[in-house]
Amino acid sequence: MTPHPDPQAGAAVKAADRAHVFHSWSAQGLIDPLAVAGAEGSYFWDYDGNRYLDFTSGLVYTNIGYQHPKVVAAIQEQAGKLTTFAPAFAVEARSEAARLIAERTPGDLDKIFFTNGGAEAVEHAIRMARLHTGRPKVLSTYRSYHGGTATAVNVTGDPRRWASDNGTSGVVHFWGPFLYRSPFYATTEAEECERALRHLEDTIAFEGPATIAAIILETIPGTAGIMTPPPGYLAGVREICDRYGIVFVLDEVMAGFGRTGKWFAAEHFDVTPDLLTFAKGVNSGYVPLGGVAISQKIAATFETRPYPGGLTYSGHPLACAAAVATINVMAEEKVVENAAHIGETVLGPGLRELAERHPSVGEVRGTGVFWALDLVKDRETREPLVPYNATGAANAPMAAFAAACKKNGLWPFVNMNRTHTVPPCNVTEAEAKEGLAALDAALSVADEHAA
């Protein structure tokens with residue numbers, strides 16, 4: 001679709017936004033949201049006719065791109081048949097969505113509790129774990145993000161937690177593996193794995209194993225930096241959980257549904273958790289939907305004991321119809337296979353080639369269509385291009401890099417000193433190469449701040 005400029009309409013949209021919309025994670029008077037006129041596939045455009053290749057997939061959720069006609073049609077059809085219905089009833093779209101999800105989750109994660117998004121999924125997974133074990137504490141890593149609701153933001157390990165931290169949440173943070181910035185002074189993946197697991201065991205010992213309900217990990221941490229865990233780490237966590245009777249929760253809200261070149265990232269590591277949270281890519285974000293995939297062991301706890309939790313819109317028919325259509329589209333059009341192919345043949349090699357030529361790139365890491373460039377001032381010292389949680393003038397180098405991306409028609413995902421390459425899972429080779437070219441030009445701006 002070709003964008004048609006209409007600056008007057010754009011000005012009206014922006015004026016209404018500024019007057020009435022309260023934006024998340026923002027100082028309201030310091031932001032200037034782009035007024036979006038439309039989107040299709042891997043692109044969106046504004047009212048001035050500027051078109052952007054979206055290397056953010058919205059917020060890493062438009063796994064099949066914008067406005068996929070089959071999913072749009074499925075939502076329209078469901079709206080004509082049954083727009084909504086209470087969650088206590090069996091509804092065709094809800095039942096079919098649960099069946100299709102359960103078919104693809106690893107192991108015996110065959111019961112699906114539907115939520116409206118990822119944060120609620122994490123809330124309920126932790127509640128299930130606490131009720132199943134009768135224990136209060138939850139362990140999660142620094143360098144993680146699990147959502148913005150009360151419990152989810154407390155298990156989050158990045159600065160967005162700080163304003164909501166409280167001492168009664170029962171959350172303990174520990175260091176997960178990250179060889180490039182190893183907190184364990186490791187020099188190999190094997191050392192990083194061994195030392196990270198030992199650190200986790202020490203944390204459990206000092207917190208008291210009998211007090212810990214769950215360990216929750218992003219299978220591959222997303223917003224925190226796309227740090228793929230070293231071989232053996234997740235299997236090691238699984239073993240530790242089994243030994244101490246701790247529920248193992250994997251958060252696949254961002255990494256799931258094709259993002260890593262597998263239906264779920266857990267498949268890369270041959271690990272099955274007790275609970276798995278999902279959202280985002282389950283229906284490409286077309287209608288809000290999330291959920292928890294539940295193992296037989298956890299489900300059995302609530303076979304004759306009521307689960308004390310629910311949501312008015314749990315398994316909303318429009319959202320579930322979108323999920324059914326999305327999953328079917330992904331299977332029919334081999335979207336997961338495309339994500340793996342693009343990662344192996346275009347993005348991975350292309351990003352590593354950029355790293356060779358740009359001194360601001362310290363490390364390239366990722367898989368599928370889930371990549372991060374760690375930008376640095378100095379490759380030898382690995383000093384980040386901007387300080388941790390930088391704002392204002394301290395963040396100027398990353399702000400300049402992001403502006404250069406947009407000038408070149410690329411909308412980037414930027415967080416702290418990183419840019420993430422996370423286009424739709426059905427991105428084409430040509431689109432991926434177009435994005436790499438825009439990154440190439442923008443990295444020259446970052447290079448000005450590197451040694």
# chains A, B, ... in the order shown; residues from 1 in each chain; ligands from 1
>>> select_by_dssp(residues="stretch 214-333 of chain A", states="strand (DSSP E)", output="VMD selection string")
chain A and resid 214 to 218 247 to 251 275 to 278 290 to 294
>>> residues_around(residues="stretch 108-117 of chain A", least_positions_apart="5", cutoff="6 Å", atoms="only C-alpha atoms", output="ChimeraX atom specification")
/A:98,102,279,288-295,314-315
>>> residues_around(residues="A:Tyr233", least_positions_apart="6", cutoff="9 Å", atoms="only C-alpha atoms", output="PyMOL selection string")
chain A and resi 177+192-194+196-197+269
>>> closest_atom_pairs(of="stretch 248-313 of chain A", to="stretch 137-151 of chain A", cutoff="10 Å", atoms="only C-alpha atoms", output="CSV")
residue,atom,partner,partner_atom,distance
A:Phe248,CA,A:Leu139,CA,10.0
A:Val249,CA,A:Ser140,CA,9.8
A:Asp251,CA,A:His146,CA,7.4
A:Glu252,CA,A:His146,CA,9.7
A:Val253,CA,A:His146,CA,8.4
A:Met254,CA,A:His146,CA,9.7
A:Thr277,CA,A:His146,CA,9.8
>>> residues_around(residues="A:Val427", least_positions_apart="4", cutoff="10 Å", atoms="only C-alpha atoms", output="ChimeraX atom specification")
/A:41-42,54-55,63-65,335,338-339,342,369,422-423,431-432
>>> residues_around(residues="stretch 383-397 of chain A", least_positions_apart="5", cutoff="10 Å", atoms="only C-alpha atoms", output="ChimeraX atom specification")
/A:158-160,181,360-362,374-378,402-403,415-418,445-450
>>> write_last_selection(atoms="N, CA, C and O atoms", output="mmCIF file, in the first residue's frame")
data_model
loop_
_atom_site.group_PDB
_atom_site.id
_atom_site.type_symbol
_atom_site.label_atom_id
_atom_site.label_comp_id
_atom_site.auth_asym_id
_atom_site.auth_seq_id
_atom_site.Cartn_x
_atom_site.Cartn_y
_atom_site.Cartn_z
ATOM 1 N N ASP A 158 15.139 -5.205 35.426
ATOM 2 C CA ASP A 158 15.718 -3.975 34.876
ATOM 3 C C ASP A 158 15.172 -2.755 35.619
ATOM 4 O O ASP A 158 14.329 -2.897 36.519
ATOM 5 N N PRO A 159 15.644 -1.547 35.317
ATOM 6 C CA PRO A 159 15.297 -0.369 36.124
ATOM 7 C C PRO A 159 13.815 -0.017 36.166
ATOM 8 O O PRO A 159 13.397 0.761 37.030
ATOM 9 N N ARG A 160 13.022 -0.560 35.257
ATOM 10 C CA ARG A 160 11.593 -0.270 35.317
ATOM 11 C C ARG A 160 10.951 -0.815 36.601
ATOM 12 O O ARG A 160 9.849 -0.418 36.969
ATOM 13 N N ARG A 181 29.416 -9.981 29.188
ATOM 14 C CA ARG A 181 29.582 -9.123 30.369
ATOM 15 C C ARG A 181 29.473 -10.001 31.621
ATOM 16 O O ARG A 181 28.687 -9.733 32.536
ATOM 17 N N SER A 360 31.905 0.522 16.740
ATOM 18 C CA SER A 360 30.919 0.698 17.817
ATOM 19 C C SER A 360 30.195 -0.599 18.158
ATOM 20 O O SER A 360 29.498 -0.661 19.184
ATOM 21 N N VAL A 361 30.332 -1.626 17.333
ATOM 22 C CA VAL A 361 29.653 -2.897 17.590
ATOM 23 C C VAL A 361 30.575 -3.803 18.395
ATOM 24 O O VAL A 361 31.607 -4.266 17.903
ATOM 25 N N GLY A 362 30.196 -4.058 19.641
ATOM 26 C CA GLY A 362 31.006 -4.917 20.492
ATOM 27 C C GLY A 362 30.694 -6.379 20.312
ATOM 28 O O GLY A 362 31.596 -7.219 20.278
ATOM 29 N N ASP A 374 25.344 -5.139 20.600
ATOM 30 C CA ASP A 374 25.805 -4.492 21.825
ATOM 31 C C ASP A 374 26.789 -3.407 21.407
ATOM 32 O O ASP A 374 27.885 -3.687 20.925
ATOM 33 N N LEU A 375 26.391 -2.139 21.557
ATOM 34 C CA LEU A 375 27.198 -1.017 21.086
ATOM 35 C C LEU A 375 28.108 -0.510 22.210
ATOM 36 O O LEU A 375 27.671 -0.361 23.362
ATOM 37 N N VAL A 376 29.352 -0.261 21.857
ATOM 38 C CA VAL A 376 30.369 0.049 22.862
ATOM 39 C C VAL A 376 31.183 1.276 22.463
ATOM 40 O O VAL A 376 31.285 1.628 21.292
ATOM 41 N N LYS A 377 31.809 1.893 23.480
ATOM 42 C CA LYS A 377 32.786 2.948 23.231
ATOM 43 C C LYS A 377 34.130 2.359 22.838
ATOM 44 O O LYS A 377 34.886 2.957 22.060
ATOM 45 N N ASP A 378 34.439 1.204 23.395
ATOM 46 C CA ASP A 378 35.746 0.596 23.200
ATOM 47 C C ASP A 378 35.586 -0.917 23.187
ATOM 48 O O ASP A 378 35.107 -1.501 24.171
ATOM 49 N N ALA A 402 19.603 6.289 16.769
ATOM 50 C CA ALA A 402 18.197 6.025 16.465
ATOM 51 C C ALA A 402 17.664 7.017 15.439
ATOM 52 O O ALA A 402 16.923 6.641 14.512
ATOM 53 N N ALA A 403 18.030 8.278 15.572
ATOM 54 C CA ALA A 403 17.575 9.295 14.620
ATOM 55 C C ALA A 403 18.105 9.008 13.224
ATOM 56 O O ALA A 403 17.396 9.193 12.225
ATOM 57 N N ASN A 415 17.423 -0.041 23.158
ATOM 58 C CA ASN A 415 17.300 -0.113 24.613
ATOM 59 C C ASN A 415 18.698 -0.020 25.228
ATOM 60 O O ASN A 415 19.572 -0.835 24.941
ATOM 61 N N MET A 416 18.881 1.031 26.044
ATOM 62 C CA MET A 416 20.179 1.292 26.675
ATOM 63 C C MET A 416 21.263 1.386 25.599
ATOM 64 O O MET A 416 21.151 2.208 24.700
ATOM 65 N N ASN A 417 22.294 0.533 25.646
ATOM 66 C CA ASN A 417 23.380 0.636 24.664
ATOM 67 C C ASN A 417 23.239 -0.373 23.536
ATOM 68 O O ASN A 417 24.197 -0.669 22.844
ATOM 69 N N ARG A 418 22.014 -0.853 23.321
ATOM 70 C CA ARG A 418 21.815 -1.890 22.308
ATOM 71 C C ARG A 418 20.783 -1.472 21.279
ATOM 72 O O ARG A 418 19.864 -0.702 21.570
ATOM 73 N N VAL A 445 27.169 6.725 12.576
ATOM 74 C CA VAL A 445 26.925 7.767 13.577
ATOM 75 C C VAL A 445 27.387 7.279 14.948
ATOM 76 O O VAL A 445 28.041 8.014 15.705
ATOM 77 N N ALA A 446 27.076 6.018 15.265
ATOM 78 C CA ALA A 446 27.524 5.451 16.548
ATOM 79 C C ALA A 446 29.050 5.392 16.602
ATOM 80 O O ALA A 446 29.661 5.592 17.670
ATOM 81 N N ASP A 447 29.660 5.102 15.446
ATOM 82 C CA ASP A 447 31.124 4.985 15.402
ATOM 83 C C ASP A 447 31.823 6.273 15.824
ATOM 84 O O ASP A 447 32.950 6.259 16.330
ATOM 85 N N GLU A 448 31.150 7.413 15.630
ATOM 86 C CA GLU A 448 31.742 8.701 15.983
ATOM 87 C C GLU A 448 31.993 8.805 17.501
ATOM 88 O O GLU A 448 32.780 9.630 17.955
ATOM 89 N N HIS A 449 31.297 7.952 18.268
ATOM 90 C CA HIS A 449 31.443 8.010 19.723
ATOM 91 C C HIS A 449 32.272 6.833 20.243
ATOM 92 O O HIS A 449 32.367 6.645 21.465
ATOM 93 N N ALA A 450 32.810 6.028 19.325
ATOM 94 C CA ALA A 450 33.596 4.856 19.720
ATOM 95 C C ALA A 450 35.083 5.090 19.470
ATOM 96 O O ALA A 450 35.464 5.908 18.621
#
>>> atom_distance(atom1="atom CA of A:Ala265", atom2="atom CA of A:Thr219")
6.3 Å
